[in-house]
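Since the structure comes first, as structure tokens, the remarks are kept for the end.
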Amino acid sequence: MRPDSSSSFGERGSGRRPEHPGRRPGRRPGRRRWRLAARYTLLTIGALVVLAPLYLTVVSSLLPPSALAERPPPLFPLDPQWHDYAVAWSQGDLGVYLRNSAIQTAIIVCGQLVTSVLAGYAFAFLRFPFKRALFVVFLATLMIPFEVTLVTNTQTISELGWYNTFAGLTVPFLATGVGTFLLRQAFLQIPRDLQEAATLDGYGRLRFLLRIALPLARPALAALGVFSFLAAWNQYLWPLVVTGSGNGVRTVQIGLKLLQGTEVSRTDVALAGTVIAVLPLLVLLVVFQKQLVRSLTAGAVK
Amino acid sequence: MADVAFRGATRRFGGRPAVERLDLEVADGELLVLLGPSGCGKTTALRMVAGLEEPDEGEILIGGRVVNDVEPKDRDVAMVFQSYALYPHLNVEHNIEFPLRRRGVDAQRRRQTVREVAASLGLQELLARKPRELSGGQRQRVALARAIVRQPRAFLMDEPLSNLDAALRLQTRADIVALQTRLGTTTLYVTHDQVEAMTMGHRIAVLDHGVLQQVGPPHALYDRPANLFVAKFLGSPGMNALPATLEGTTAHAARVARVARVDGGHVPLGDDGAAAAGQAASLVVGVRPEHLALSPSGTLEAKVLLVELLGADVHVLCQLGDQTKLVVRQDASAPRPAIGDGVRIVVASGSVHVFTGGSGARLGGPG
Ligand SMILES: Nc1ncnc2c1ncn2[C@@H]1O[C@H](COP(=O)(O)OP(=O)(O)O)[C@@H](O)[C@H]1O
Ligand SMILES: [Mg+2]
């Protein structure tokens, strides 16, 4: 939703907006209602387009195999097959994969937050030689797609003996140019006076970072946290390349792929597995919805 | 508490000095106002004391000790920033408490101290509020509270009233003076507002282009300005400056005549002024607006450009000859001229200051 549309809703609700002098009052409510209706229609269509695949996935995961073959497939599971989930969970070892994904994601998110905070702080507040040049290099990494470095990274990981380890899964992602940039920008918003006041109050660099800069950069931190969570959780290519059988550290996305290809070759079970794998993300989005929206609109509202 | 001193302190930015060889002492317990126009180096001077800016040359002393190499946090001075620099995410209580947390004061004692200080500034009702929920005046008081809570050796205040409206500024001016008197803490107070300086300072130091012009009690600077800059900067409006030549051809003749010729007529020089004027190649005479009056017997002929009524006073801006303008201050009860009127202006005897035309240094005059 565009920010201006949400604000005009708010004003209507409060009813305090003065009548526009140039218009006849009698005609306005009708016209406004039309515009409102049109707006909601568009939003509904948008929501349907976005939600349809998710809905179909959930429905299909609950259908019996026979119904899946029907054309068109049923849009509502009259006889939900909940045990598909049990099958997916046990046959596909999803518990283990989910745990691995959780560990991998936690390491990457924490790593990115810590490195981005420290690097962003250095670029925002410290004076050191080659600062500008280094920052340009950081920014340049944003332009390089991950696929370009894939081969080199794979080689490095295997030479380090990190194949099939959490180190191999996570270390290449512990630092991020985007995160550094994001936090640098957030830190630059903090007035220099605040830092100097803290200095006079006896707070050194680290204490200033912890007590002043971080609390003030919370929206940026939340945004970085959510986005790095999404990216880490949804990784497919890298885990596929650096993990092997024995499912020691394989993540849930790889687990899903295996679920489709092995003995349980049933679409409904595979879809049930997919729903299980997406669930943590949905929970995250619901919990952090406010922060997420705020961080996305932060620049616009300020 | 401690005295604060600059010894030949210089700070340059890109080769240009913002403060140049500043020698200045703030006595223990004194409220010294650093006054000057915007960009003259006041903030830079203050920041050198705080340790936020390092002098390129010279020394800063606090309590008789050179502190050039002392960390800002160990200098034990508190600064009130022009922007107040309140921590936006902390409520008033935690803002005030913030400096105490790093000084090994236990929680119980901290709480009590914060409450006392807050009460002394009328902030006790606002302790739970965030800075954005405060008015400008309240923010300003929180900034003051944060400065006094840790009982520093000196206060540094950078235009603390500049963000307040006029009525509040008047009130807060008095509050700060009362506070400083009660605490007796050495205070270096920066402002560009000469009224603030005149009303608040025990002494005033006037700065221009980073160079100290004059230091002294307010009345001394007003009555005996060391140069034309100080003369024009103090007072509202400042002193009138009229380029002048001596009546007569020799110094001796001038001394006898005791008048100086200016655009539109002549002004009387006192004994002292005449003696001083005789030595200079080119002259500027200075007269405060309150020492001028419109009168048919005046020695200056002028045309009225503007008449400004300010309640009790009226300022009459006049043109003398082609070049010179001056302001006459009248009582509002006196008959007021109209714009374009030709008038005559009388100069009170013994009120004319004499400056050199070149450097603007004072040569002589009353007092
Ligand atoms: N950090 C800085 N970098 C470059 N120039 C500065 C800096 N701080 C101050 N200056 C310059 O020094 C001069 C004095 O500034 P300042 O001390 O802030 O003046 P004031 O407080 O009297 O208005 C100004 O010309 C200003 O532009
Ligand atoms: Mg300043």
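Identifiers in the structure tokens: chain A, B, ... in order shown; residue index from 1 per chain; ligand index from 1 in order shown.
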
Using only C-alpha atoms and all ligand atoms, I'd like a table of the residues in chain B that come within 9 Å of ligand 1; for each, show the closest atom pair and its distance in Å rounded to one decimal, ordered by chain and ascending number, as a Markdown table.
```
| residue | atom | partner | partner_atom_place_in_ligand_line | distance |
| --- | --- | --- | --- | --- |
| B:Arg11 | CA | ligand 1 | 12 (O) | 8.5 |
| B:Arg12 | CA | ligand 1 | 12 (O) | 7.5 |
| B:Phe13 | CA | ligand 1 | 4 (C) | 4.8 |
| B:Gly14 | CA | ligand 1 | 4 (C) | 6.8 |
| B:Arg16 | CA | ligand 1 | 12 (O) | 7.9 |
| B:Pro17 | CA | ligand 1 | 12 (O) | 7.2 |
| B:Ala18 | CA | ligand 1 | 12 (O) | 4.3 |
| B:Val19 | CA | ligand 1 | 14 (C) | 7.2 |
| B:Leu34 | CA | ligand 1 | 22 (O) | 9.0 |
| B:Leu35 | CA | ligand 1 | 22 (O) | 8.2 |
| B:Gly36 | CA | ligand 1 | 22 (O) | 6.4 |
| B:Pro37 | CA | ligand 1 | 22 (O) | 6.2 |
| B:Ser38 | CA | ligand 1 | 23 (O) | 3.7 |
| B:Gly39 | CA | ligand 1 | 23 (O) | 3.4 |
| B:Cys40 | CA | ligand 1 | 22 (O) | 4.0 |
| B:Gly41 | CA | ligand 1 | 17 (O) | 3.2 |
| B:Lys42 | CA | ligand 1 | 22 (O) | 3.7 |
| B:Thr43 | CA | ligand 1 | 21 (O) | 3.6 |
| B:Thr44 | CA | ligand 1 | 17 (O) | 3.6 |
| B:Ala45 | CA | ligand 1 | 17 (O) | 6.5 |
| B:Leu46 | CA | ligand 1 | 17 (O) | 8.0 |
| B:Arg47 | CA | ligand 1 | 17 (O) | 8.2 |
| B:Glu53 | CA | ligand 1 | 1 (N) | 8.6 |
| B:Asp158 | CA | ligand 1 | 21 (O) | 7.8 |
| B:Glu159 | CA | ligand 1 | 21 (O) | 8.6 |
| B:Val190 | CA | ligand 1 | 21 (O) | 7.8 |
| B:Thr191 | CA | ligand 1 | 22 (O) | 8.1 |
| B:His192 | CA | ligand 1 | 22 (O) | 7.5 |
| B:Leu207 | CA | ligand 1 | 22 (O) | 8.1 |
| B:Asp208 | CA | ligand 1 | 22 (O) | 8.4 |
| B:His209 | CA | ligand 1 | 14 (C) | 7.7 |
| B:Gly210 | CA | ligand 1 | 14 (C) | 7.1 |
```

Write to file, as a short mmCIF file (atom, residue, chain, number, x, y, z; two decimals), in the first residue's frame, the residues of the selection just made, with N, CA, C and O atoms.
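And here is the file that came out, result33.cif:
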```
data_model
loop_
_atom_site.label_atom_id
_atom_site.label_comp_id
_atom_site.auth_asym_id
_atom_site.auth_seq_id
_atom_site.Cartn_x
_atom_site.Cartn_y
_atom_site.Cartn_z
N ARG B 11 43.68 27.35 16.75
CA ARG B 11 43.12 26.19 16.09
C ARG B 11 42.84 26.58 14.65
O ARG B 11 42.16 27.57 14.38
N ARG B 12 43.42 25.83 13.72
CA ARG B 12 43.22 26.13 12.30
C ARG B 12 42.40 25.04 11.64
O ARG B 12 42.49 23.88 12.01
N PHE B 13 41.60 25.45 10.67
CA PHE B 13 40.90 24.49 9.81
C PHE B 13 41.35 24.77 8.39
O PHE B 13 41.11 25.86 7.87
N GLY B 14 42.00 23.82 7.78
CA GLY B 14 42.47 24.00 6.41
C GLY B 14 43.35 25.23 6.28
O GLY B 14 43.21 25.98 5.32
N ARG B 16 43.24 27.99 7.72
CA ARG B 16 42.64 29.24 8.21
C ARG B 16 42.39 29.14 9.70
O ARG B 16 41.74 28.20 10.15
N PRO B 17 42.91 30.08 10.47
CA PRO B 17 42.69 29.99 11.92
C PRO B 17 41.24 30.30 12.29
O PRO B 17 40.69 31.31 11.86
N ALA B 18 40.62 29.39 13.07
CA ALA B 18 39.28 29.65 13.60
C ALA B 18 39.41 30.37 14.93
O ALA B 18 38.56 31.19 15.29
N VAL B 19 40.48 30.06 15.65
CA VAL B 19 40.83 30.77 16.89
C VAL B 19 42.31 31.05 16.81
O VAL B 19 43.10 30.16 16.50
N LEU B 34 31.69 34.51 26.20
CA LEU B 34 32.47 34.64 24.98
C LEU B 34 31.50 35.12 23.91
O LEU B 34 30.57 34.41 23.54
N LEU B 35 31.73 36.36 23.45
CA LEU B 35 30.74 37.00 22.58
C LEU B 35 31.36 37.29 21.22
O LEU B 35 32.52 37.70 21.14
N GLY B 36 30.59 37.09 20.19
CA GLY B 36 31.08 37.45 18.86
C GLY B 36 30.08 37.02 17.81
O GLY B 36 29.17 36.25 18.10
N PRO B 37 30.24 37.52 16.59
CA PRO B 37 29.30 37.16 15.54
C PRO B 37 29.47 35.70 15.15
O PRO B 37 30.46 35.06 15.50
N SER B 38 28.50 35.18 14.42
CA SER B 38 28.54 33.79 13.98
C SER B 38 29.80 33.53 13.17
O SER B 38 30.17 34.33 12.32
N GLY B 39 30.47 32.43 13.45
CA GLY B 39 31.65 32.05 12.70
C GLY B 39 32.94 32.66 13.20
O GLY B 39 33.98 32.52 12.57
N CYS B 40 32.90 33.33 14.36
CA CYS B 40 34.11 33.99 14.84
C CYS B 40 35.00 33.07 15.66
O CYS B 40 36.08 33.46 16.09
N GLY B 41 34.56 31.83 15.90
CA GLY B 41 35.42 30.88 16.60
C GLY B 41 35.03 30.60 18.04
O GLY B 41 35.79 29.95 18.77
N LYS B 42 33.84 31.02 18.44
CA LYS B 42 33.42 30.80 19.83
C LYS B 42 33.30 29.32 20.15
O LYS B 42 33.83 28.83 21.15
N THR B 43 32.58 28.61 19.29
CA THR B 43 32.37 27.19 19.54
C THR B 43 33.70 26.45 19.53
O THR B 43 33.95 25.57 20.37
N THR B 44 34.56 26.82 18.60
CA THR B 44 35.87 26.17 18.52
C THR B 44 36.64 26.37 19.82
O THR B 44 37.25 25.43 20.34
N ALA B 45 36.60 27.58 20.36
CA ALA B 45 37.29 27.85 21.62
C ALA B 45 36.73 26.97 22.74
O ALA B 45 37.48 26.35 23.51
N LEU B 46 35.42 26.88 22.78
CA LEU B 46 34.76 26.08 23.81
C LEU B 46 35.14 24.61 23.68
O LEU B 46 35.43 23.92 24.67
N ARG B 47 35.15 24.14 22.45
CA ARG B 47 35.45 22.73 22.21
C ARG B 47 36.90 22.40 22.56
O ARG B 47 37.21 21.26 22.91
N GLU B 53 38.29 19.39 20.50
CA GLU B 53 39.10 19.99 19.44
C GLU B 53 40.48 20.20 20.05
O GLU B 53 40.59 20.69 21.17
N ASP B 158 27.18 26.39 25.01
CA ASP B 158 27.26 26.89 23.65
C ASP B 158 25.89 27.39 23.20
O ASP B 158 25.03 26.61 22.81
N GLU B 159 25.69 28.69 23.25
CA GLU B 159 24.43 29.31 22.85
C GLU B 159 23.22 28.53 23.32
O GLU B 159 22.36 28.14 22.53
N VAL B 190 28.97 30.84 25.77
CA VAL B 190 29.15 31.36 24.42
C VAL B 190 27.84 31.90 23.89
O VAL B 190 26.79 31.26 24.02
N THR B 191 27.88 33.09 23.30
CA THR B 191 26.68 33.61 22.65
C THR B 191 27.05 34.62 21.58
O THR B 191 28.14 35.19 21.60
N HIS B 192 26.13 34.82 20.63
CA HIS B 192 26.34 35.89 19.65
C HIS B 192 25.44 37.07 19.99
O HIS B 192 25.43 38.08 19.28
N LEU B 207 35.13 38.32 20.63
CA LEU B 207 35.97 37.64 19.65
C LEU B 207 35.53 38.08 18.25
O LEU B 207 34.34 38.22 17.99
N ASP B 208 36.50 38.32 17.38
CA ASP B 208 36.15 38.58 15.98
C ASP B 208 37.18 37.90 15.10
O ASP B 208 38.39 38.07 15.30
N HIS B 209 36.71 37.12 14.13
CA HIS B 209 37.61 36.37 13.26
C HIS B 209 38.67 35.61 14.04
O HIS B 209 39.84 35.60 13.67
N GLY B 210 38.26 35.03 15.14
CA GLY B 210 39.16 34.20 15.93
C GLY B 210 40.12 34.98 16.80
O GLY B 210 40.93 34.39 17.51
#
```

Out of range 99-248 of chain B, which residues get strand (DSSP E) from DSSP, as a compact mmCIF listing (two decimals) with C-alpha atoms, in the first residue's frame?
```txt
# COMPACT_ATOMS: atom_id res chain seq x y z
CA ALA B 154 33.44 23.90 34.84
CA PHE B 155 30.38 24.41 32.65
CA LEU B 156 30.74 25.06 28.96
CA MET B 157 27.58 26.43 27.38
CA ASP B 158 27.26 26.89 23.65
CA THR B 186 33.20 28.32 36.70
CA THR B 187 31.25 28.90 33.50
CA LEU B 188 32.31 29.72 29.97
CA TYR B 189 29.20 30.86 28.18
CA VAL B 190 29.15 31.36 24.42
CA THR B 191 26.68 33.61 22.65
CA ARG B 203 33.00 39.61 32.29
CA ILE B 204 32.69 39.54 28.52
CA ALA B 205 35.34 38.49 26.04
CA VAL B 206 34.64 39.72 22.52
CA LEU B 207 35.97 37.64 19.65
CA ASP B 208 36.15 38.58 15.98
CA VAL B 211 40.99 37.12 17.53
CA LEU B 212 40.23 38.37 21.02
CA GLN B 213 39.19 42.03 20.84
CA GLN B 214 38.62 42.96 24.45
CA VAL B 215 37.91 41.42 27.85
CA GLY B 216 36.26 43.14 30.77
CA ASN B 240 27.45 55.20 15.49
CA ALA B 241 30.77 55.48 13.66
CA LEU B 242 31.43 58.70 11.72
CA PRO B 243 34.57 59.20 9.62
CA ALA B 244 36.02 62.50 10.75
CA THR B 245 38.71 65.06 9.98
CA LEU B 246 40.15 67.60 12.31
```

Residue hits in chain B, query chain A, radius 10 Å, only C-alpha atoms, as an MDAnalysis selection string: chainID B and resid 47 50:52 71:90 98:103 146:147 150

Based on the selection just made, write N, CA and C atoms of those residues as an mmCIF file, in the first residue's frame.
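Below is the file part_30.cif, written as the result:
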```cif
data_model
loop_
_atom_site.group_PDB
_atom_site.id
_atom_site.type_symbol
_atom_site.label_atom_id
_atom_site.label_comp_id
_atom_site.auth_asym_id
_atom_site.auth_seq_id
_atom_site.Cartn_x
_atom_site.Cartn_y
_atom_site.Cartn_z
ATOM 1 N N ARG B 47 35.147 24.139 22.445
ATOM 2 C CA ARG B 47 35.452 22.726 22.209
ATOM 3 C C ARG B 47 36.897 22.400 22.561
ATOM 4 N N ALA B 50 36.784 21.600 26.152
ATOM 5 C CA ALA B 50 36.157 20.299 26.396
ATOM 6 C C ALA B 50 37.057 19.151 25.955
ATOM 7 N N GLY B 51 38.000 19.446 25.055
ATOM 8 C CA GLY B 51 38.862 18.395 24.539
ATOM 9 C C GLY B 51 38.314 17.768 23.273
ATOM 10 N N LEU B 52 37.274 18.373 22.704
ATOM 11 C CA LEU B 52 36.704 17.852 21.468
ATOM 12 C C LEU B 52 37.470 18.378 20.261
ATOM 13 N N GLU B 71 42.307 13.308 28.181
ATOM 14 C CA GLU B 71 41.104 12.883 27.460
ATOM 15 C C GLU B 71 39.902 13.737 27.880
ATOM 16 N N PRO B 72 38.963 13.974 26.946
ATOM 17 C CA PRO B 72 37.780 14.771 27.290
ATOM 18 C C PRO B 72 37.077 14.261 28.549
ATOM 19 N N LYS B 73 36.955 12.948 28.675
ATOM 20 C CA LYS B 73 36.178 12.434 29.801
ATOM 21 C C LYS B 73 36.889 12.661 31.131
ATOM 22 N N ASP B 74 38.223 12.859 31.073
ATOM 23 C CA ASP B 74 38.965 13.061 32.313
ATOM 24 C C ASP B 74 39.147 14.538 32.644
ATOM 25 N N ARG B 75 38.592 15.423 31.806
ATOM 26 C CA ARG B 75 38.759 16.852 32.082
ATOM 27 C C ARG B 75 37.751 17.346 33.094
ATOM 28 N N ASP B 76 36.697 16.547 33.292
ATOM 29 C CA ASP B 76 35.699 16.880 34.297
ATOM 30 C C ASP B 76 35.039 18.233 34.032
ATOM 31 N N VAL B 77 34.684 18.459 32.775
ATOM 32 C CA VAL B 77 33.885 19.633 32.435
ATOM 33 C C VAL B 77 32.597 19.133 31.791
ATOM 34 N N ALA B 78 31.538 19.910 31.949
ATOM 35 C CA ALA B 78 30.262 19.516 31.345
ATOM 36 C C ALA B 78 29.874 20.553 30.312
ATOM 37 N N MET B 79 29.352 20.062 29.205
ATOM 38 C CA MET B 79 29.016 20.976 28.118
ATOM 39 C C MET B 79 27.511 20.944 27.869
ATOM 40 N N VAL B 80 26.937 22.115 27.658
ATOM 41 C CA VAL B 80 25.551 22.197 27.213
ATOM 42 C C VAL B 80 25.603 22.578 25.738
ATOM 43 N N PHE B 81 25.160 21.670 24.891
ATOM 44 C CA PHE B 81 25.275 21.883 23.455
ATOM 45 C C PHE B 81 24.152 22.784 22.959
ATOM 46 N N GLN B 82 24.444 23.466 21.867
ATOM 47 C CA GLN B 82 23.442 24.328 21.243
ATOM 48 C C GLN B 82 22.193 23.519 20.875
ATOM 49 N N SER B 83 22.426 22.275 20.438
ATOM 50 C CA SER B 83 21.309 21.398 20.062
ATOM 51 C C SER B 83 20.768 20.639 21.261
ATOM 52 N N TYR B 84 21.357 20.844 22.435
ATOM 53 C CA TYR B 84 21.048 20.149 23.689
ATOM 54 C C TYR B 84 21.593 18.729 23.711
ATOM 55 N N ALA B 85 21.676 18.068 22.544
ATOM 56 C CA ALA B 85 22.244 16.721 22.470
ATOM 57 C C ALA B 85 21.666 15.778 23.521
ATOM 58 N N LEU B 86 20.349 15.796 23.670
ATOM 59 C CA LEU B 86 19.723 14.812 24.567
ATOM 60 C C LEU B 86 19.676 13.468 23.848
ATOM 61 N N TYR B 87 19.775 12.383 24.626
ATOM 62 C CA TYR B 87 19.714 11.057 24.013
ATOM 63 C C TYR B 87 18.254 10.726 23.737
ATOM 64 N N PRO B 88 17.886 10.619 22.449
ATOM 65 C CA PRO B 88 16.461 10.561 22.116
ATOM 66 C C PRO B 88 15.747 9.314 22.631
ATOM 67 N N HIS B 89 16.497 8.231 22.851
ATOM 68 C CA HIS B 89 15.838 6.980 23.238
ATOM 69 C C HIS B 89 15.739 6.829 24.749
ATOM 70 N N LEU B 90 16.315 7.765 25.487
ATOM 71 C CA LEU B 90 16.264 7.675 26.948
ATOM 72 C C LEU B 90 15.286 8.711 27.486
ATOM 73 N N PHE B 98 22.629 9.710 33.000
ATOM 74 C CA PHE B 98 23.637 9.117 32.111
ATOM 75 C C PHE B 98 25.084 9.373 32.540
ATOM 76 N N PRO B 99 25.464 10.612 32.840
ATOM 77 C CA PRO B 99 26.879 10.844 33.205
ATOM 78 C C PRO B 99 27.259 10.172 34.525
ATOM 79 N N LEU B 100 26.274 9.977 35.398
ATOM 80 C CA LEU B 100 26.596 9.409 36.711
ATOM 81 C C LEU B 100 26.941 7.929 36.610
ATOM 82 N N ARG B 101 26.368 7.258 35.636
ATOM 83 C CA ARG B 101 26.566 5.811 35.525
ATOM 84 C C ARG B 101 28.018 5.449 35.299
ATOM 85 N N ARG B 102 28.770 6.380 34.715
ATOM 86 C CA ARG B 102 30.176 6.084 34.436
ATOM 87 C C ARG B 102 31.075 6.589 35.550
ATOM 88 N N ARG B 103 30.509 6.974 36.648
ATOM 89 C CA ARG B 103 31.324 7.550 37.707
ATOM 90 C C ARG B 103 31.225 6.772 38.996
ATOM 91 N N ARG B 146 21.548 17.671 33.101
ATOM 92 C CA ARG B 146 22.555 16.660 32.810
ATOM 93 C C ARG B 146 23.962 17.224 33.034
ATOM 94 N N ALA B 147 24.100 18.531 32.793
ATOM 95 C CA ALA B 147 25.417 19.132 33.002
ATOM 96 C C ALA B 147 25.725 19.299 34.486
ATOM 97 N N ARG B 150 26.597 16.041 37.646
ATOM 98 C CA ARG B 150 27.825 15.405 38.110
ATOM 99 C C ARG B 150 28.815 16.394 38.718
#
```

Need to verify the contact set: range 248-251 of chain A, 12 Å, only C-alpha atoms, exclusion of same-chain residues closer than 5 positions in sequence. Can you return it as a ChimeraX atom specification? /A:92-105,162-170,232-243,256-258,277

Write the residues of the selection above to a file with N, CA and C atoms, as a JSON list (two decimals), in the first residue's frame.
```
[["chain", "number", "residue", "atom", "x", "y", "z"],
["A", 92, "GLY", "N", 11.14, -37.89, 5.71],
["A", 92, "GLY", "CA", 12.09, -36.92, 5.17],
["A", 92, "GLY", "C", 13.09, -36.42, 6.19],
["A", 93, "ASP", "N", 13.05, -36.92, 7.40],
["A", 93, "ASP", "CA", 13.98, -36.44, 8.44],
["A", 93, "ASP", "C", 13.91, -34.92, 8.60],
["A", 94, "LEU", "N", 12.72, -34.35, 8.44],
["A", 94, "LEU", "CA", 12.63, -32.89, 8.44],
["A", 94, "LEU", "C", 13.08, -32.28, 9.76],
["A", 95, "GLY", "N", 12.90, -33.02, 10.84],
["A", 95, "GLY", "CA", 13.33, -32.50, 12.14],
["A", 95, "GLY", "C", 14.80, -32.16, 12.13],
["A", 96, "VAL", "N", 15.60, -33.09, 11.63],
["A", 96, "VAL", "CA", 17.05, -32.87, 11.58],
["A", 96, "VAL", "C", 17.38, -31.70, 10.64],
["A", 97, "TYR", "N", 16.74, -31.71, 9.47],
["A", 97, "TYR", "CA", 17.04, -30.65, 8.50],
["A", 97, "TYR", "C", 16.65, -29.28, 9.04],
["A", 98, "LEU", "N", 15.49, -29.23, 9.70],
["A", 98, "LEU", "CA", 15.05, -27.95, 10.27],
["A", 98, "LEU", "C", 16.05, -27.46, 11.31],
["A", 99, "ARG", "N", 16.53, -28.41, 12.13],
["A", 99, "ARG", "CA", 17.50, -28.03, 13.15],
["A", 99, "ARG", "C", 18.75, -27.45, 12.47],
["A", 100, "ASN", "N", 19.22, -28.15, 11.43],
["A", 100, "ASN", "CA", 20.40, -27.67, 10.72],
["A", 100, "ASN", "C", 20.17, -26.27, 10.14],
["A", 101, "SER", "N", 19.02, -26.09, 9.53],
["A", 101, "SER", "CA", 18.70, -24.78, 8.96],
["A", 101, "SER", "C", 18.69, -23.72, 10.04],
["A", 102, "ALA", "N", 18.11, -24.08, 11.18],
["A", 102, "ALA", "CA", 18.03, -23.12, 12.28],
["A", 102, "ALA", "C", 19.42, -22.71, 12.73],
["A", 103, "ILE", "N", 20.30, -23.72, 12.88],
["A", 103, "ILE", "CA", 21.67, -23.41, 13.32],
["A", 103, "ILE", "C", 22.37, -22.53, 12.29],
["A", 104, "GLN", "N", 22.28, -22.96, 11.03],
["A", 104, "GLN", "CA", 22.94, -22.22, 9.96],
["A", 104, "GLN", "C", 22.43, -20.77, 9.91],
["A", 105, "THR", "N", 21.10, -20.61, 9.97],
["A", 105, "THR", "CA", 20.51, -19.28, 9.89],
["A", 105, "THR", "C", 20.92, -18.43, 11.08],
["A", 162, "TRP", "N", 36.40, -27.77, 5.12],
["A", 162, "TRP", "CA", 35.12, -27.40, 5.72],
["A", 162, "TRP", "C", 33.94, -28.00, 4.97],
["A", 163, "TYR", "N", 34.21, -28.89, 4.04],
["A", 163, "TYR", "CA", 33.10, -29.51, 3.32],
["A", 163, "TYR", "C", 32.21, -30.24, 4.31],
["A", 164, "ASN", "N", 30.90, -30.06, 4.15],
["A", 164, "ASN", "CA", 29.95, -30.72, 5.04],
["A", 164, "ASN", "C", 30.08, -30.30, 6.52],
["A", 165, "THR", "N", 30.41, -29.05, 6.73],
["A", 165, "THR", "CA", 30.44, -28.54, 8.11],
["A", 165, "THR", "C", 29.63, -27.25, 8.17],
["A", 166, "PHE", "N", 29.25, -26.85, 9.39],
["A", 166, "PHE", "CA", 28.54, -25.58, 9.53],
["A", 166, "PHE", "C", 29.44, -24.41, 9.16],
["A", 167, "ALA", "N", 30.74, -24.58, 9.42],
["A", 167, "ALA", "CA", 31.67, -23.52, 9.03],
["A", 167, "ALA", "C", 31.57, -23.27, 7.53],
["A", 168, "GLY", "N", 31.60, -24.35, 6.77],
["A", 168, "GLY", "CA", 31.51, -24.23, 5.33],
["A", 168, "GLY", "C", 30.20, -23.59, 4.89],
["A", 169, "LEU", "N", 29.13, -23.93, 5.60],
["A", 169, "LEU", "CA", 27.81, -23.40, 5.25],
["A", 169, "LEU", "C", 27.71, -21.90, 5.53],
["A", 170, "THR", "N", 28.36, -21.46, 6.56],
["A", 170, "THR", "CA", 28.06, -20.11, 7.04],
["A", 170, "THR", "C", 29.16, -19.07, 6.85],
["A", 232, "ALA", "N", 19.21, -16.38, 4.40],
["A", 232, "ALA", "CA", 19.92, -17.56, 4.89],
["A", 232, "ALA", "C", 19.01, -18.78, 4.88],
["A", 233, "TRP", "N", 17.81, -18.61, 5.33],
["A", 233, "TRP", "CA", 16.88, -19.75, 5.42],
["A", 233, "TRP", "C", 16.57, -20.31, 4.03],
["A", 234, "ASN", "N", 16.45, -19.43, 3.07],
["A", 234, "ASN", "CA", 16.06, -19.86, 1.73],
["A", 234, "ASN", "C", 17.22, -20.27, 0.85],
["A", 235, "GLN", "N", 18.43, -20.26, 1.37],
["A", 235, "GLN", "CA", 19.57, -20.64, 0.54],
["A", 235, "GLN", "C", 19.40, -22.05, -0.01],
["A", 236, "TYR", "N", 19.76, -22.21, -1.27],
["A", 236, "TYR", "CA", 19.67, -23.54, -1.85],
["A", 236, "TYR", "C", 20.98, -23.95, -2.50],
["A", 237, "LEU", "N", 21.47, -23.08, -3.39],
["A", 237, "LEU", "CA", 22.63, -23.45, -4.20],
["A", 237, "LEU", "C", 23.85, -23.76, -3.33],
["A", 238, "TRP", "N", 24.17, -22.83, -2.41],
["A", 238, "TRP", "CA", 25.40, -23.00, -1.63],
["A", 238, "TRP", "C", 25.34, -24.26, -0.74],
["A", 239, "PRO", "N", 24.26, -24.45, 0.02],
["A", 239, "PRO", "CA", 24.19, -25.68, 0.83],
["A", 239, "PRO", "C", 24.28, -26.93, -0.04],
["A", 240, "LEU", "N", 23.70, -26.85, -1.24],
["A", 240, "LEU", "CA", 23.74, -28.01, -2.13],
["A", 240, "LEU", "C", 25.18, -28.34, -2.49],
["A", 241, "VAL", "N", 25.98, -27.31, -2.71],
["A", 241, "VAL", "CA", 27.34, -27.51, -3.18],
["A", 241, "VAL", "C", 28.28, -27.96, -2.07],
["A", 242, "VAL", "N", 28.11, -27.43, -0.87],
["A", 242, "VAL", "CA", 29.10, -27.70, 0.18],
["A", 242, "VAL", "C", 28.64, -28.73, 1.22],
["A", 243, "THR", "N", 27.48, -29.34, 1.00],
["A", 243, "THR", "CA", 27.11, -30.41, 1.93],
["A", 243, "THR", "C", 26.92, -31.69, 1.14],
["A", 256, "LEU", "N", 14.15, -30.97, 1.35],
["A", 256, "LEU", "CA", 12.93, -30.99, 0.56],
["A", 256, "LEU", "C", 13.17, -31.60, -0.81],
["A", 257, "LYS", "N", 14.28, -31.17, -1.38],
["A", 257, "LYS", "CA", 14.63, -31.68, -2.70],
["A", 257, "LYS", "C", 14.79, -33.20, -2.64],
["A", 258, "LEU", "N", 15.46, -33.65, -1.57],
["A", 258, "LEU", "CA", 15.67, -35.09, -1.42],
["A", 258, "LEU", "C", 14.34, -35.80, -1.23],
["A", 277, "ALA", "N", 8.62, -26.35, 5.93],
["A", 277, "ALA", "CA", 9.85, -25.56, 5.78],
["A", 277, "ALA", "C", 9.56, -24.06, 5.75]]
```

Excluding same-chain residues fewer than 3 positions from range 133-145 of chain A, what lies within 10 Å of it counting only C-alpha atoms, as a list in words? Ala119, Gly120, Phe123, Pro129, Phe130, Val148, Thr149, Leu150, Thr176, Gly177, Val178, Thr180 and Phe181 of chain A

Identify, on the basis of only C-alpha atoms, every residue whose closest approach to Ile60 in chain B does not exceed 10 Å; exclude the query and any residue fewer than 6 positions from it along the same chain; express the result as a list in words. Val4, Ala5, Phe6, Arg7, Gly8, Ala9, Leu22, Asp23, Leu24, Glu25, Ala45, Met48, Val49, Ala50, Gly51, Glu54, Val66, Val67, Asn68 and Asp69 of chain B
